[in-house]
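Structure first, then comments.
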Amino acid sequence: MKLDYIEAGQIVTTHGVRGEVKVLPWLDTPEDLLFYRRCRIGGEDYAIRSCRVQKTCNLVKLEGIDTVEAAQALREKTVELYREDAPAGVTFAAELIGMTVFAEGQTVGTLTEVLDYPGNQVYVVKGEREYMIPAVREFILHVDMAENRMEVKLLEGMATDAD
């Protein structure tokens, strides 16, 4: 299901004396945050005046946050992005949770978790059995956000209780 806001990262510290914050992104790459111009933090809206990548984090300057003290007040808070600002065709892992999963027309279960591994993500699907399905085109055949439905191809050994 499409969400109104996507959790995109956490403010881990301040940077400099002019109110910049360092964000540990939860997106695929730190570069993904560069294209957004607004966000929500603690239920408040902020315009993003600038954003740049520093190693695995982002340095973000928010409108209205002009001192290190103001930036310090945002530490450990979650940065949320407006879903409507995301590029067309982008699906976030959080939107897949709760999706009904089908294989060959039969209900397999509900997607309960998305695991991040170096090669790709893995979807955990729980029904009568629990399945771990690699999130690659070979196995994820179709995702319909409007219908909250995913079609997958299952192979022997994907069930966690398989020998």
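Lettering and numbering for the structure tokens are positional, with chains as A, B, ... in the shown order, residues counted from 1 in each chain, and ligands counted from 1 in the shown order.
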
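Omitting A:Gly105 and its sequence neighbours fewer than 2 positions away, and counting only C-alpha atoms, the residues within 12 Å are Thr100, Val101, Phe102, Ala103, Thr107, Val108, Gly109, Arg149, Met150, Glu151, Val152, Lys153 and Leu154 of chain A.
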
Could the residues in this selection be saved with C-alpha atoms as a PDB file, in the first residue's frame?
```pdb
ATOM      1  CA  THR A 100      -0.579 -10.532  -0.211  1.00  0.00           C
ATOM      2  CA  VAL A 101       1.754 -12.837  -2.140  1.00  0.00           C
ATOM      3  CA  PHE A 102       0.611 -15.334  -4.785  1.00  0.00           C
ATOM      4  CA  ALA A 103       2.372 -18.110  -6.705  1.00  0.00           C
ATOM      5  CA  THR A 107      -2.094 -17.485  -1.964  1.00  0.00           C
ATOM      6  CA  VAL A 108       1.336 -18.050  -0.446  1.00  0.00           C
ATOM      7  CA  GLY A 109       0.992 -15.636   2.464  1.00  0.00           C
ATOM      8  CA  ARG A 149      -0.746  -7.992  -4.515  1.00  0.00           C
ATOM      9  CA  MET A 150       2.527  -9.610  -5.569  1.00  0.00           C
ATOM     10  CA  GLU A 151       3.019 -12.547  -7.951  1.00  0.00           C
ATOM     11  CA  VAL A 152       6.136 -14.652  -7.341  1.00  0.00           C
ATOM     12  CA  LYS A 153       7.830 -17.741  -8.684  1.00  0.00           C
ATOM     13  CA  LEU A 154       8.699 -20.230  -5.954  1.00  0.00           C
TER      14      LEU A 154
END
```

Residue set, stretch 29-147 of chain A restricted to strand (DSSP E or B), as JSON, numbers by chain: {"A": [38, 39, 40, 41, 44, 45, 46, 47, 48, 49, 50, 51, 52, 53, 54, 57, 58, 59, 60, 61, 62, 78, 79, 80, 81, 82, 100, 101, 102, 103, 106, 107, 108, 109, 110, 111, 112, 113, 114, 115, 116, 121, 122, 123, 124, 125, 126, 130, 131, 132, 133, 134, 140, 141, 142, 143, 144]}

Please, could you write that set of residues out with C-alpha atoms as a JSON list (two decimals), in the first residue's frame?
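And here's part.json as it stands now:
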```json
[["chain", "number", "residue", "atom", "x", "y", "z"],
["A", 38, "ARG", "CA", 11.21, 18.87, 1.50],
["A", 39, "CYS", "CA", 10.89, 16.47, 4.40],
["A", 40, "ARG", "CA", 9.18, 15.92, 7.76],
["A", 41, "ILE", "CA", 10.99, 15.55, 11.05],
["A", 44, "GLU", "CA", 7.12, 19.23, 11.30],
["A", 45, "ASP", "CA", 7.65, 20.16, 7.66],
["A", 46, "TYR", "CA", 11.04, 21.44, 6.51],
["A", 47, "ALA", "CA", 12.34, 22.69, 3.18],
["A", 48, "ILE", "CA", 15.66, 21.14, 2.26],
["A", 49, "ARG", "CA", 17.95, 24.04, 1.29],
["A", 50, "SER", "CA", 20.91, 21.81, 0.41],
["A", 51, "CYS", "CA", 21.93, 18.18, 0.58],
["A", 52, "ARG", "CA", 25.26, 16.58, -0.23],
["A", 53, "VAL", "CA", 26.83, 13.17, 0.21],
["A", 54, "GLN", "CA", 29.62, 12.62, 2.72],
["A", 57, "CYS", "CA", 25.74, 9.82, 4.97],
["A", 58, "ASN", "CA", 24.11, 13.05, 3.83],
["A", 59, "LEU", "CA", 24.82, 16.53, 5.10],
["A", 60, "VAL", "CA", 21.51, 18.38, 5.03],
["A", 61, "LYS", "CA", 20.73, 22.06, 5.54],
["A", 62, "LEU", "CA", 17.12, 22.64, 6.54],
["A", 78, "THR", "CA", 13.65, 10.21, 11.82],
["A", 79, "VAL", "CA", 13.59, 12.01, 8.47],
["A", 80, "GLU", "CA", 10.46, 11.29, 6.45],
["A", 81, "LEU", "CA", 9.99, 12.08, 2.77],
["A", 82, "TYR", "CA", 6.71, 12.83, 1.06],
["A", 100, "THR", "CA", -0.58, -10.53, -0.21],
["A", 101, "VAL", "CA", 1.75, -12.84, -2.14],
["A", 102, "PHE", "CA", 0.61, -15.33, -4.79],
["A", 103, "ALA", "CA", 2.37, -18.11, -6.71],
["A", 106, "GLN", "CA", -2.53, -19.60, -5.10],
["A", 107, "THR", "CA", -2.09, -17.49, -1.96],
["A", 108, "VAL", "CA", 1.34, -18.05, -0.45],
["A", 109, "GLY", "CA", 0.99, -15.64, 2.46],
["A", 110, "THR", "CA", 1.69, -12.08, 3.54],
["A", 111, "LEU", "CA", 4.97, -10.22, 3.07],
["A", 112, "THR", "CA", 6.08, -9.50, 6.63],
["A", 113, "GLU", "CA", 9.68, -8.30, 6.34],
["A", 114, "VAL", "CA", 12.25, -7.05, 3.83],
["A", 115, "LEU", "CA", 15.81, -8.11, 4.60],
["A", 116, "ASP", "CA", 18.79, -6.25, 3.14],
["A", 121, "GLN", "CA", 16.87, -7.76, -0.77],
["A", 122, "VAL", "CA", 14.99, -10.84, 0.41],
["A", 123, "TYR", "CA", 11.24, -10.83, 1.07],
["A", 124, "VAL", "CA", 10.00, -12.86, 4.05],
["A", 125, "VAL", "CA", 6.52, -14.22, 3.33],
["A", 126, "LYS", "CA", 4.49, -15.96, 6.02],
["A", 130, "GLU", "CA", 7.48, -19.22, 5.73],
["A", 131, "TYR", "CA", 9.33, -18.36, 2.54],
["A", 132, "MET", "CA", 12.44, -16.30, 1.87],
["A", 133, "ILE", "CA", 12.19, -14.99, -1.69],
["A", 134, "PRO", "CA", 15.08, -13.08, -3.33],
["A", 140, "ILE", "CA", 9.21, -11.34, -8.39],
["A", 141, "LEU", "CA", 6.97, -11.55, -11.44],
["A", 142, "HIS", "CA", 4.55, -8.69, -10.79],
["A", 143, "VAL", "CA", 3.75, -6.13, -8.10],
["A", 144, "ASP", "CA", 0.38, -4.36, -8.08]]
```

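You can rank A:Gly19, A:Glu63, A:Thr160, A:Ala135 by their closest distance to A:Gly119 using only C-alpha atoms, and at the top of that list sits A:Ala135.
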
At most 9 Å is the cut-off: for each residue in stretch 17-47 of chain A with any atom that close to an atom of stretch 66-74 of chain A, write down the nearest atom pair and the distance in Å rounded to one decimal, counting only C-alpha atoms, chain first then increasing number, as CSV.
```
residue,atom,partner,partner_atom,distance
A:Val17,CA,A:Val68,CA,4.9
A:Arg18,CA,A:Thr67,CA,4.9
A:Gly19,CA,A:Thr67,CA,4.3
A:Glu20,CA,A:Ala71,CA,6.5
A:Val21,CA,A:Ala71,CA,6.1
A:Ile41,CA,A:Leu74,CA,7.8
A:Gly42,CA,A:Leu74,CA,8.3
```

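Reported to one decimal place, the separation of atom CA of A:Ala93 from atom CA of A:Ile6 is 9.4 Å.
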
Neighbour list for A:Gln10 as a list in words, cut-off 9 Å, only C-alpha atoms, skip fewer than 2 positions in-chain: Glu7, Ala8, Val12, Lys22, Val23, Leu24, Pro25, Trp26, Arg75, Glu76, Lys77, Thr78, Val79 and Glu80 of chain A

Convert the current residue selection to file output with N, CA and C atoms, as an mmCIF file, in the first residue's frame.
```cif
data_model
loop_
_atom_site.group_PDB
_atom_site.id
_atom_site.type_symbol
_atom_site.label_atom_id
_atom_site.label_comp_id
_atom_site.auth_asym_id
_atom_site.auth_seq_id
_atom_site.Cartn_x
_atom_site.Cartn_y
_atom_site.Cartn_z
ATOM 1 N N GLU A 7 9.912 6.710 5.649
ATOM 2 C CA GLU A 7 11.042 6.925 6.550
ATOM 3 C C GLU A 7 12.322 6.765 5.740
ATOM 4 N N ALA A 8 13.129 7.821 5.700
ATOM 5 C CA ALA A 8 14.286 7.850 4.810
ATOM 6 C C ALA A 8 15.619 7.828 5.530
ATOM 7 N N VAL A 12 21.890 11.746 12.833
ATOM 8 C CA VAL A 12 22.810 11.153 13.804
ATOM 9 C C VAL A 12 23.638 12.186 14.562
ATOM 10 N N LYS A 22 23.685 15.721 10.007
ATOM 11 C CA LYS A 22 24.187 14.543 9.307
ATOM 12 C C LYS A 22 23.112 13.470 9.388
ATOM 13 N N VAL A 23 22.693 12.984 8.219
ATOM 14 C CA VAL A 23 21.617 11.995 8.135
ATOM 15 C C VAL A 23 22.193 10.662 7.678
ATOM 16 N N LEU A 24 21.931 9.618 8.438
ATOM 17 C CA LEU A 24 22.250 8.258 8.028
ATOM 18 C C LEU A 24 21.055 7.770 7.213
ATOM 19 N N PRO A 25 21.207 7.671 5.886
ATOM 20 C CA PRO A 25 20.047 7.341 5.048
ATOM 21 C C PRO A 25 19.673 5.866 5.121
ATOM 22 N N TRP A 26 18.383 5.618 5.004
ATOM 23 C CA TRP A 26 17.864 4.257 4.934
ATOM 24 C C TRP A 26 17.430 3.920 3.524
ATOM 25 N N ARG A 75 18.643 15.761 16.703
ATOM 26 C CA ARG A 75 19.411 14.511 16.780
ATOM 27 C C ARG A 75 18.531 13.326 17.130
ATOM 28 N N GLU A 76 18.832 12.213 16.475
ATOM 29 C CA GLU A 76 18.163 10.920 16.675
ATOM 30 C C GLU A 76 16.720 10.897 16.170
ATOM 31 N N LYS A 77 16.280 11.941 15.492
ATOM 32 C CA LYS A 77 14.928 11.947 14.924
ATOM 33 C C LYS A 77 14.949 11.347 13.522
ATOM 34 N N THR A 78 13.804 10.834 13.120
ATOM 35 C CA THR A 78 13.654 10.209 11.817
ATOM 36 C C THR A 78 13.266 11.249 10.771
ATOM 37 N N VAL A 79 13.910 11.153 9.616
ATOM 38 C CA VAL A 79 13.590 12.011 8.473
ATOM 39 C C VAL A 79 12.600 11.263 7.592
ATOM 40 N N GLU A 80 11.471 11.885 7.319
ATOM 41 C CA GLU A 80 10.458 11.292 6.451
ATOM 42 C C GLU A 80 10.359 12.113 5.176
#
```

Members of chain A assigned helix (DSSP H, G or I) by DSSP, as a PyMOL selection string: chain A and resi 30-35+68-72+83-85+93-96

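Separating atom CA of A:Arg37 from atom CA of A:Arg83 is a distance of 12.2 Å.
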